[in-house]
Amino acid sequence: ALPIIMDGDPGLDDAVAWLLACASPELEVLGVTAVHGNVGLPLTVRNAGITLTLAGAAGAGVPYFAGTDRPLVREAMTAAAVHGDSGLPAADLPPPAHPPQAEHAVDFLIRTVHARPGEVTVLATGPLTNVALAFRLAPELPGLLREVVWMGGSTTGGNRTPAAEFNALADPHAAAVVFGSGVALRMVGLNVTMQCIATPERITALRTLGNRAGRVCAELLTFYAGVYRTRYGLSGGALHDPLAAAAAVRPELLDWQSMNVQIETQPGLNFGRTVCDLYGVTGQPANAQVAVGVRDEAFFALLLERLGTLE
Ligand code: BDR
Ligand code: CA
């Protein structure tokens with residue numbers, strides 16, 4: 001199985017993504033690292049513990065770590081309006097079955113990648129602050145990772161500003177470090193994730209799986225649908241982070257194009273934009289494989305099947 005570290009800011013779609021990954025035999029989850037983002041760090045750490053508990057036996061032995069509580073340069077921002085004040089808007093969540101580790105998330109990342117050079121994938125579904133700090137502390141790390149799969153950015157418009165996607169906007173300087181590092185990188189952006197909607201029918205399918213994981217995901221995605229209906233006029237919430245997890249399990253669910261991507265870190269209208277050279281007009285070498293197409297039905301079938309194997 002592919003050894004993987006999941007770094008994110010749960011966040012209800014991060015939680016669904018992590019459940020998908022824990023339930024996937026193709027992956028060996030080495031640990032989970034929490035970062036600031038959708039809600040503040042104390043809550044993303046707690047939500048990491050709750051999510052691993054929801055994964056049952058598949059999450060029981062997985063250690064989790066607190067990471068960085070703020071962006072590298074800009075002031076912190078959250079998305080509590082989208083994810084609820086707690087980040088996991090569901091009733092009757094189990095308390096974390098095990099506590100977080102004392103080690104810092106960034107130290108864990110560095111230590112683990114050193115122990116298995118060339119093998120480890122990082123699935124990043126939040127602002128890239130932890131990953132960027134690891135790369136700064138250990139400049140050899142990009143060359144020792146198998147791959148970073150990041151949910152973030154867009155080849156088109158943004159969801160937090162017209163130009164910027166939330167994970168990119170929440171720490172553009174960190175994204176610039178990662179995109180400039182030379183690491184093997186896959187970007188799963190809004191141009192594909194906004195095609196993967198948790199419609200009412202899909203929520204019903206999750207609820208009727210008959211297990212706790214399905215019920216909780218249905219409840220989270222019902223809250224999320226309310227937000228997406230009001231904000232974007234869509235029939236449900238976009239499965240951003242679960243699609244990135246699916247890309248780690250089965251990259252062939254998406255179409256990929258190698259290209260040069262630069263992050264706008266100057267203030268102004270395009271702050272936090274992932275500037276994607278779709279047509280190769282700059283002549284700059286590719287630094288990412290960017291998802292440009294997705295098989296949404298096959299993706300959701302995988303999500304449903306895997307969540308159905310949990311408790
Ligand atoms: C991304 O932002 C967060 O709110 C979601 O969890 C996802 O990672 C989508 O823009
Ligand atoms: Ca996220």
# chains A, B, ... in the order shown; residues from 1 in each chain; ligands from 1

$ residues_around --residues "Glu75 in chain A" --least-positions-apart "3" --cutoff "9 Å" --atoms "only C-alpha atoms" --output "list in words"
Arg70, Pro71, Leu72, Ala170 and Asp171 of chain A

$ closest_atom_pairs --of "chain A" --to "ligand 2" --cutoff "8 Å" --atoms "only C-alpha atoms and all ligand atoms" --output "Markdown table"
| residue | atom | partner | partner_atom_place_in_ligand_line | distance |
| --- | --- | --- | --- | --- |
| A:Gly8 | CA | ligand 2 | 1 (Ca) | 5.7 |
| A:Asp9 | CA | ligand 2 | 1 (Ca) | 5.2 |
| A:Pro10 | CA | ligand 2 | 1 (Ca) | 6.0 |
| A:Gly11 | CA | ligand 2 | 1 (Ca) | 5.7 |
| A:Leu12 | CA | ligand 2 | 1 (Ca) | 7.7 |
| A:Asp13 | CA | ligand 2 | 1 (Ca) | 6.3 |
| A:Asp14 | CA | ligand 2 | 1 (Ca) | 4.9 |
| A:Gly37 | CA | ligand 2 | 1 (Ca) | 7.3 |
| A:Asn38 | CA | ligand 2 | 1 (Ca) | 6.7 |
| A:Thr125 | CA | ligand 2 | 1 (Ca) | 4.4 |
| A:Gly126 | CA | ligand 2 | 1 (Ca) | 4.2 |
| A:Pro127 | CA | ligand 2 | 1 (Ca) | 7.7 |
| A:Met151 | CA | ligand 2 | 1 (Ca) | 7.5 |
| A:Asn167 | CA | ligand 2 | 1 (Ca) | 7.0 |
| A:His240 | CA | ligand 2 | 1 (Ca) | 7.7 |
| A:Asp241 | CA | ligand 2 | 1 (Ca) | 5.9 |

$ closest_residue --among "A:Glu311, A:Asp296, A:Glu201, A:Glu28" --to "Leu253 in chain A" --atoms "only C-alpha atoms"
A:Asp296

$ closest_residue --among "A:Ala244, A:Leu109, A:Ile5, A:Val261" --to "ligand 1" --atoms "only C-alpha atoms and all ligand atoms"
A:Ala244

$ residues_around --residues "Ala291 in chain A" --least-positions-apart "4" --cutoff "8 Å" --atoms "only C-alpha atoms" --output "ChimeraX atom specification"
/A:186-189,192,254-257

$ write_last_selection --atoms "N, CA and C atoms" --output "PDB file, in the first residue's frame"
ATOM      1  N   ARG A 186       0.676  17.220  -7.551  1.00  0.00           N
ATOM      2  CA  ARG A 186      -0.600  17.180  -8.280  1.00  0.00           C
ATOM      3  C   ARG A 186      -1.539  18.197  -7.670  1.00  0.00           C
ATOM      4  N   MET A 187      -2.157  19.000  -8.498  1.00  0.00           N
ATOM      5  CA  MET A 187      -3.098  20.017  -8.023  1.00  0.00           C
ATOM      6  C   MET A 187      -4.516  19.642  -8.440  1.00  0.00           C
ATOM      7  N   VAL A 188      -5.377  19.486  -7.435  1.00  0.00           N
ATOM      8  CA  VAL A 188      -6.794  19.187  -7.674  1.00  0.00           C
ATOM      9  C   VAL A 188      -7.569  20.448  -7.298  1.00  0.00           C
ATOM     10  N   GLY A 189      -7.905  21.241  -8.281  1.00  0.00           N
ATOM     11  CA  GLY A 189      -8.473  22.568  -8.021  1.00  0.00           C
ATOM     12  C   GLY A 189      -9.977  22.637  -8.254  1.00  0.00           C
ATOM     13  N   VAL A 192     -12.076  21.212 -11.242  1.00  0.00           N
ATOM     14  CA  VAL A 192     -12.628  19.848 -11.227  1.00  0.00           C
ATOM     15  C   VAL A 192     -13.529  19.603 -10.015  1.00  0.00           C
ATOM     16  N   LEU A 254      -9.128  11.067 -12.817  1.00  0.00           N
ATOM     17  CA  LEU A 254      -9.010  12.444 -13.314  1.00  0.00           C
ATOM     18  C   LEU A 254      -8.113  12.480 -14.539  1.00  0.00           C
ATOM     19  N   ASP A 255      -8.232  13.544 -15.327  1.00  0.00           N
ATOM     20  CA  ASP A 255      -7.305  13.812 -16.430  1.00  0.00           C
ATOM     21  C   ASP A 255      -6.314  14.858 -15.944  1.00  0.00           C
ATOM     22  N   TRP A 256      -5.049  14.663 -16.313  1.00  0.00           N
ATOM     23  CA  TRP A 256      -3.970  15.522 -15.793  1.00  0.00           C
ATOM     24  C   TRP A 256      -3.238  16.203 -16.930  1.00  0.00           C
ATOM     25  N   GLN A 257      -2.830  17.411 -16.698  1.00  0.00           N
ATOM     26  CA  GLN A 257      -2.002  18.134 -17.667  1.00  0.00           C
ATOM     27  C   GLN A 257      -0.832  18.770 -16.917  1.00  0.00           C
TER      28      GLN A 257
END

$ residues_around --residues "Leu206 in chain A" --least-positions-apart "2" --cutoff "9 Å" --atoms "only C-alpha atoms" --output "mmCIF file with C-alpha atoms, in the first residue's frame"
data_model
loop_
_atom_site.group_PDB
_atom_site.id
_atom_site.type_symbol
_atom_site.label_atom_id
_atom_site.label_comp_id
_atom_site.auth_asym_id
_atom_site.auth_seq_id
_atom_site.Cartn_x
_atom_site.Cartn_y
_atom_site.Cartn_z
ATOM 1 C CA GLU A 201 -29.721 11.808 -3.919
ATOM 2 C CA ARG A 202 -26.073 11.224 -3.027
ATOM 3 C CA ILE A 203 -26.667 12.304 0.564
ATOM 4 C CA THR A 204 -29.539 9.819 0.786
ATOM 5 C CA THR A 208 -28.761 4.556 3.772
ATOM 6 C CA LEU A 209 -25.367 2.824 3.832
ATOM 7 C CA GLY A 210 -26.522 1.866 7.322
ATOM 8 C CA ASN A 211 -23.311 2.645 9.229
ATOM 9 C CA ALA A 213 -19.694 6.882 8.981
ATOM 10 C CA GLY A 214 -22.410 7.129 6.304
ATOM 11 C CA ARG A 215 -24.868 8.775 8.709
ATOM 12 C CA VAL A 216 -22.355 11.372 9.919
ATOM 13 C CA CYS A 217 -21.182 12.180 6.370
ATOM 14 C CA ALA A 218 -24.818 12.614 5.305
ATOM 15 C CA LEU A 304 -19.798 5.379 -1.471
ATOM 16 C CA LEU A 307 -17.411 4.620 3.214
ATOM 17 C CA GLY A 308 -19.692 1.583 3.264
#

$ atom_distance --atom1 "CA of Pro3 in chain A" --atom2 "CA of Leu27 in chain A"
6.0 Å

$ select_by_dssp --residues "range 123-225 of chain A" --states "helix (DSSP H, G or I)" --output "PDB file with N, CA and C atoms, in the first residue's frame"
ATOM      1  N   THR A 129       0.712  25.591   4.867  1.00  0.00           N
ATOM      2  CA  THR A 129       1.674  26.116   5.846  1.00  0.00           C
ATOM      3  C   THR A 129       2.576  25.026   6.440  1.00  0.00           C
ATOM      4  N   ASN A 130       2.010  23.910   6.877  1.00  0.00           N
ATOM      5  CA  ASN A 130       2.833  22.845   7.472  1.00  0.00           C
ATOM      6  C   ASN A 130       3.846  22.304   6.460  1.00  0.00           C
ATOM      7  N   VAL A 131       3.380  22.074   5.241  1.00  0.00           N
ATOM      8  CA  VAL A 131       4.243  21.489   4.206  1.00  0.00           C
ATOM      9  C   VAL A 131       5.370  22.468   3.865  1.00  0.00           C
ATOM     10  N   ALA A 132       5.031  23.749   3.735  1.00  0.00           N
ATOM     11  CA  ALA A 132       6.047  24.754   3.400  1.00  0.00           C
ATOM     12  C   ALA A 132       7.085  24.864   4.515  1.00  0.00           C
ATOM     13  N   LEU A 133       6.648  24.834   5.761  1.00  0.00           N
ATOM     14  CA  LEU A 133       7.605  24.921   6.872  1.00  0.00           C
ATOM     15  C   LEU A 133       8.520  23.699   6.889  1.00  0.00           C
ATOM     16  N   ALA A 134       7.965  22.529   6.611  1.00  0.00           N
ATOM     17  CA  ALA A 134       8.794  21.312   6.542  1.00  0.00           C
ATOM     18  C   ALA A 134       9.850  21.465   5.448  1.00  0.00           C
ATOM     19  N   PHE A 135       9.462  22.037   4.310  1.00  0.00           N
ATOM     20  CA  PHE A 135      10.403  22.219   3.195  1.00  0.00           C
ATOM     21  C   PHE A 135      11.480  23.254   3.543  1.00  0.00           C
ATOM     22  N   ARG A 136      11.115  24.258   4.340  1.00  0.00           N
ATOM     23  CA  ARG A 136      12.099  25.256   4.752  1.00  0.00           C
ATOM     24  C   ARG A 136      13.098  24.671   5.757  1.00  0.00           C
ATOM     25  N   LEU A 137      12.570  23.881   6.699  1.00  0.00           N
ATOM     26  CA  LEU A 137      13.438  23.289   7.726  1.00  0.00           C
ATOM     27  C   LEU A 137      14.327  22.195   7.150  1.00  0.00           C
ATOM     28  N   LEU A 141      13.698  17.700   1.588  1.00  0.00           N
ATOM     29  CA  LEU A 141      12.436  16.956   1.660  1.00  0.00           C
ATOM     30  C   LEU A 141      11.695  16.836   0.329  1.00  0.00           C
ATOM     31  N   PRO A 142      11.594  17.924  -0.469  1.00  0.00           N
ATOM     32  CA  PRO A 142      10.879  17.791  -1.748  1.00  0.00           C
ATOM     33  C   PRO A 142      11.435  16.644  -2.599  1.00  0.00           C
ATOM     34  N   GLY A 143      12.743  16.445  -2.558  1.00  0.00           N
ATOM     35  CA  GLY A 143      13.354  15.374  -3.343  1.00  0.00           C
ATOM     36  C   GLY A 143      13.158  13.992  -2.746  1.00  0.00           C
ATOM     37  N   LEU A 144      12.729  13.942  -1.499  1.00  0.00           N
ATOM     38  CA  LEU A 144      12.556  12.647  -0.823  1.00  0.00           C
ATOM     39  C   LEU A 144      11.108  12.182  -0.796  1.00  0.00           C
ATOM     40  N   PHE A 166      -9.923  29.066  -1.545  1.00  0.00           N
ATOM     41  CA  PHE A 166      -9.668  29.263  -0.110  1.00  0.00           C
ATOM     42  C   PHE A 166      -8.284  28.770   0.343  1.00  0.00           C
ATOM     43  N   ASN A 167      -7.895  27.521   0.021  1.00  0.00           N
ATOM     44  CA  ASN A 167      -6.630  26.980   0.542  1.00  0.00           C
ATOM     45  C   ASN A 167      -5.424  27.764   0.030  1.00  0.00           C
ATOM     46  N   ALA A 168      -5.542  28.282  -1.187  1.00  0.00           N
ATOM     47  CA  ALA A 168      -4.465  29.110  -1.745  1.00  0.00           C
ATOM     48  C   ALA A 168      -4.448  30.482  -1.086  1.00  0.00           C
ATOM     49  N   LEU A 169      -5.635  31.046  -0.914  1.00  0.00           N
ATOM     50  CA  LEU A 169      -5.735  32.395  -0.340  1.00  0.00           C
ATOM     51  C   LEU A 169      -5.346  32.405   1.137  1.00  0.00           C
ATOM     52  N   ALA A 170      -5.626  31.308   1.843  1.00  0.00           N
ATOM     53  CA  ALA A 170      -5.376  31.278   3.288  1.00  0.00           C
ATOM     54  C   ALA A 170      -3.882  31.257   3.609  1.00  0.00           C
ATOM     55  N   PRO A 172      -0.983  32.047   0.699  1.00  0.00           N
ATOM     56  CA  PRO A 172      -0.373  32.074  -0.644  1.00  0.00           C
ATOM     57  C   PRO A 172       1.144  31.923  -0.598  1.00  0.00           C
ATOM     58  N   HIS A 173       1.776  32.458   0.452  1.00  0.00           N
ATOM     59  CA  HIS A 173       3.237  32.372   0.533  1.00  0.00           C
ATOM     60  C   HIS A 173       3.682  30.926   0.725  1.00  0.00           C
ATOM     61  N   ALA A 174       2.925  30.168   1.501  1.00  0.00           N
ATOM     62  CA  ALA A 174       3.235  28.741   1.672  1.00  0.00           C
ATOM     63  C   ALA A 174       3.043  28.002   0.350  1.00  0.00           C
ATOM     64  N   ALA A 175       1.959  28.318  -0.354  1.00  0.00           N
ATOM     65  CA  ALA A 175       1.738  27.673  -1.653  1.00  0.00           C
ATOM     66  C   ALA A 175       2.898  27.989  -2.602  1.00  0.00           C
ATOM     67  N   ALA A 176       3.382  29.222  -2.549  1.00  0.00           N
ATOM     68  CA  ALA A 176       4.501  29.608  -3.423  1.00  0.00           C
ATOM     69  C   ALA A 176       5.755  28.805  -3.083  1.00  0.00           C
ATOM     70  N   VAL A 177       5.997  28.548  -1.793  1.00  0.00           N
ATOM     71  CA  VAL A 177       7.151  27.723  -1.393  1.00  0.00           C
ATOM     72  C   VAL A 177       7.015  26.320  -1.986  1.00  0.00           C
ATOM     73  N   VAL A 178       5.836  25.736  -1.867  1.00  0.00           N
ATOM     74  CA  VAL A 178       5.644  24.352  -2.327  1.00  0.00           C
ATOM     75  C   VAL A 178       5.725  24.271  -3.854  1.00  0.00           C
ATOM     76  N   PHE A 179       5.076  25.195  -4.545  1.00  0.00           N
ATOM     77  CA  PHE A 179       5.115  25.157  -6.014  1.00  0.00           C
ATOM     78  C   PHE A 179       6.503  25.498  -6.549  1.00  0.00           C
ATOM     79  N   LEU A 190     -10.500  23.832  -8.042  1.00  0.00           N
ATOM     80  CA  LEU A 190     -11.946  24.053  -8.161  1.00  0.00           C
ATOM     81  C   LEU A 190     -12.483  23.718  -9.551  1.00  0.00           C
ATOM     82  N   ASN A 191     -11.633  23.860 -10.585  1.00  0.00           N
ATOM     83  CA  ASN A 191     -12.113  23.577 -11.942  1.00  0.00           C
ATOM     84  C   ASN A 191     -12.591  22.134 -12.083  1.00  0.00           C
ATOM     85  N   VAL A 192     -12.076  21.212 -11.242  1.00  0.00           N
ATOM     86  CA  VAL A 192     -12.628  19.848 -11.227  1.00  0.00           C
ATOM     87  C   VAL A 192     -13.529  19.603 -10.015  1.00  0.00           C
ATOM     88  N   THR A 193     -13.162  20.122  -8.838  1.00  0.00           N
ATOM     89  CA  THR A 193     -13.953  19.764  -7.641  1.00  0.00           C
ATOM     90  C   THR A 193     -15.367  20.349  -7.689  1.00  0.00           C
ATOM     91  N   PRO A 200     -28.786  15.922  -3.174  1.00  0.00           N
ATOM     92  CA  PRO A 200     -29.682  15.250  -2.215  1.00  0.00           C
ATOM     93  C   PRO A 200     -29.711  13.732  -2.413  1.00  0.00           C
ATOM     94  N   GLU A 201     -29.700  13.262  -3.662  1.00  0.00           N
ATOM     95  CA  GLU A 201     -29.721  11.808  -3.919  1.00  0.00           C
ATOM     96  C   GLU A 201     -28.464  11.147  -3.356  1.00  0.00           C
ATOM     97  N   ARG A 202     -27.328  11.786  -3.528  1.00  0.00           N
ATOM     98  CA  ARG A 202     -26.073  11.224  -3.027  1.00  0.00           C
ATOM     99  C   ARG A 202     -26.052  11.210  -1.498  1.00  0.00           C
ATOM    100  N   ILE A 203     -26.610  12.259  -0.899  1.00  0.00           N
ATOM    101  CA  ILE A 203     -26.667  12.304   0.564  1.00  0.00           C
ATOM    102  C   ILE A 203     -27.550  11.163   1.080  1.00  0.00           C
ATOM    103  N   THR A 204     -28.661  10.931   0.400  1.00  0.00           N
ATOM    104  CA  THR A 204     -29.539   9.819   0.786  1.00  0.00           C
ATOM    105  C   THR A 204     -28.793   8.487   0.657  1.00  0.00           C
ATOM    106  N   ALA A 205     -28.028   8.335  -0.406  1.00  0.00           N
ATOM    107  CA  ALA A 205     -27.266   7.091  -0.596  1.00  0.00           C
ATOM    108  C   ALA A 205     -26.274   6.889   0.558  1.00  0.00           C
ATOM    109  N   LEU A 206     -25.644   7.961   1.009  1.00  0.00           N
ATOM    110  CA  LEU A 206     -24.707   7.847   2.145  1.00  0.00           C
ATOM    111  C   LEU A 206     -25.454   7.476   3.421  1.00  0.00           C
ATOM    112  N   ARG A 207     -26.597   8.153   3.637  1.00  0.00           N
ATOM    113  CA  ARG A 207     -27.347   7.906   4.871  1.00  0.00           C
ATOM    114  C   ARG A 207     -27.820   6.460   4.924  1.00  0.00           C
ATOM    115  N   ARG A 212     -22.395   4.189  10.871  1.00  0.00           N
ATOM    116  CA  ARG A 212     -22.215   5.492  11.500  1.00  0.00           C
ATOM    117  C   ARG A 212     -21.504   6.467  10.562  1.00  0.00           C
ATOM    118  N   ALA A 213     -20.452   5.995   9.877  1.00  0.00           N
ATOM    119  CA  ALA A 213     -19.694   6.882   8.981  1.00  0.00           C
ATOM    120  C   ALA A 213     -20.616   7.478   7.913  1.00  0.00           C
ATOM    121  N   GLY A 214     -21.479   6.651   7.323  1.00  0.00           N
ATOM    122  CA  GLY A 214     -22.410   7.129   6.304  1.00  0.00           C
ATOM    123  C   GLY A 214     -23.388   8.145   6.871  1.00  0.00           C
ATOM    124  N   ARG A 215     -23.906   7.851   8.079  1.00  0.00           N
ATOM    125  CA  ARG A 215     -24.868   8.775   8.709  1.00  0.00           C
ATOM    126  C   ARG A 215     -24.223  10.126   9.003  1.00  0.00           C
ATOM    127  N   VAL A 216     -23.019  10.106   9.571  1.00  0.00           N
ATOM    128  CA  VAL A 216     -22.355  11.372   9.919  1.00  0.00           C
ATOM    129  C   VAL A 216     -22.013  12.157   8.648  1.00  0.00           C
ATOM    130  N   CYS A 217     -21.491  11.473   7.631  1.00  0.00           N
ATOM    131  CA  CYS A 217     -21.182  12.180   6.370  1.00  0.00           C
ATOM    132  C   CYS A 217     -22.444  12.800   5.782  1.00  0.00           C
ATOM    133  N   ALA A 218     -23.554  12.077   5.825  1.00  0.00           N
ATOM    134  CA  ALA A 218     -24.818  12.614   5.305  1.00  0.00           C
ATOM    135  C   ALA A 218     -25.213  13.867   6.082  1.00  0.00           C
ATOM    136  N   GLU A 219     -25.034  13.834   7.391  1.00  0.00           N
ATOM    137  CA  GLU A 219     -25.416  14.989   8.211  1.00  0.00           C
ATOM    138  C   GLU A 219     -24.510  16.192   7.900  1.00  0.00           C
ATOM    139  N   LEU A 220     -23.206  15.944   7.805  1.00  0.00           N
ATOM    140  CA  LEU A 220     -22.268  17.029   7.489  1.00  0.00           C
ATOM    141  C   LEU A 220     -22.594  17.627   6.126  1.00  0.00           C
ATOM    142  N   LEU A 221     -22.833  16.765   5.145  1.00  0.00           N
ATOM    143  CA  LEU A 221     -23.059  17.248   3.783  1.00  0.00           C
ATOM    144  C   LEU A 221     -24.423  17.917   3.642  1.00  0.00           C
ATOM    145  N   THR A 222     -25.363  17.618   4.539  1.00  0.00           N
ATOM    146  CA  THR A 222     -26.649  18.318   4.542  1.00  0.00           C
ATOM    147  C   THR A 222     -26.458  19.764   4.994  1.00  0.00           C
ATOM    148  N   PHE A 223     -25.677  19.960   6.053  1.00  0.00           N
ATOM    149  CA  PHE A 223     -25.335  21.325   6.495  1.00  0.00           C
ATOM    150  C   PHE A 223     -24.656  22.095   5.350  1.00  0.00           C
ATOM    151  N   TYR A 224     -23.694  21.435   4.740  1.00  0.00           N
ATOM    152  CA  TYR A 224     -22.873  22.013   3.664  1.00  0.00           C
ATOM    153  C   TYR A 224     -23.734  22.402   2.452  1.00  0.00           C
ATOM    154  N   ALA A 225     -24.748  21.557   2.161  1.00  0.00           N
ATOM    155  CA  ALA A 225     -25.629  21.822   1.017  1.00  0.00           C
ATOM    156  C   ALA A 225     -26.375  23.130   1.214  1.00  0.00           C
TER     157      ALA A 225
END

$ select_by_dssp --residues "range 49-177 of chain A" --states "strand (DSSP E or B)" --output "list in words"
Tyr64, Phe65, Ala66, Thr121, Val122, Leu123, Ala124, Glu147, Val148, Val149, Trp150 and Met151 of chain A

$ write_last_selection --atoms "C-alpha atoms" --output "PDB file, in the first residue's frame"
ATOM      1  CA  TYR A  64      -2.316  12.770  14.756  1.00  0.00           C
ATOM      2  CA  PHE A  65      -0.335  15.934  15.304  1.00  0.00           C
ATOM      3  CA  ALA A  66      -0.933  19.636  15.836  1.00  0.00           C
ATOM      4  CA  THR A 121       2.796  10.821  -0.468  1.00  0.00           C
ATOM      5  CA  VAL A 122       1.384  13.875   1.311  1.00  0.00           C
ATOM      6  CA  LEU A 123      -2.321  14.475   0.744  1.00  0.00           C
ATOM      7  CA  ALA A 124      -2.801  18.156   1.590  1.00  0.00           C
ATOM      8  CA  GLU A 147       4.388  13.190  -4.329  1.00  0.00           C
ATOM      9  CA  VAL A 148       2.238  15.950  -2.857  1.00  0.00           C
ATOM     10  CA  VAL A 149      -1.433  15.813  -3.856  1.00  0.00           C
ATOM     11  CA  TRP A 150      -3.053  19.142  -2.998  1.00  0.00           C
ATOM     12  CA  MET A 151      -6.654  20.210  -3.071  1.00  0.00           C
TER      13      MET A 151
END

$ atom_distance --atom1 "CA of Cys22 in chain A" --atom2 "CA of Leu93 in chain A"
17.8 Å

$ closest_residue --among "A:His104, A:Arg273, A:Arg295, A:Arg160" --to "ligand 1" --atoms "only C-alpha atoms and all ligand atoms"
A:Arg160

$ residues_around --residues "Thr53 in chain A" --least-positions-apart "5" --cutoff "9 Å" --atoms "only C-alpha atoms" --output "ChimeraX atom specification"
/A:48,58-60,94-98
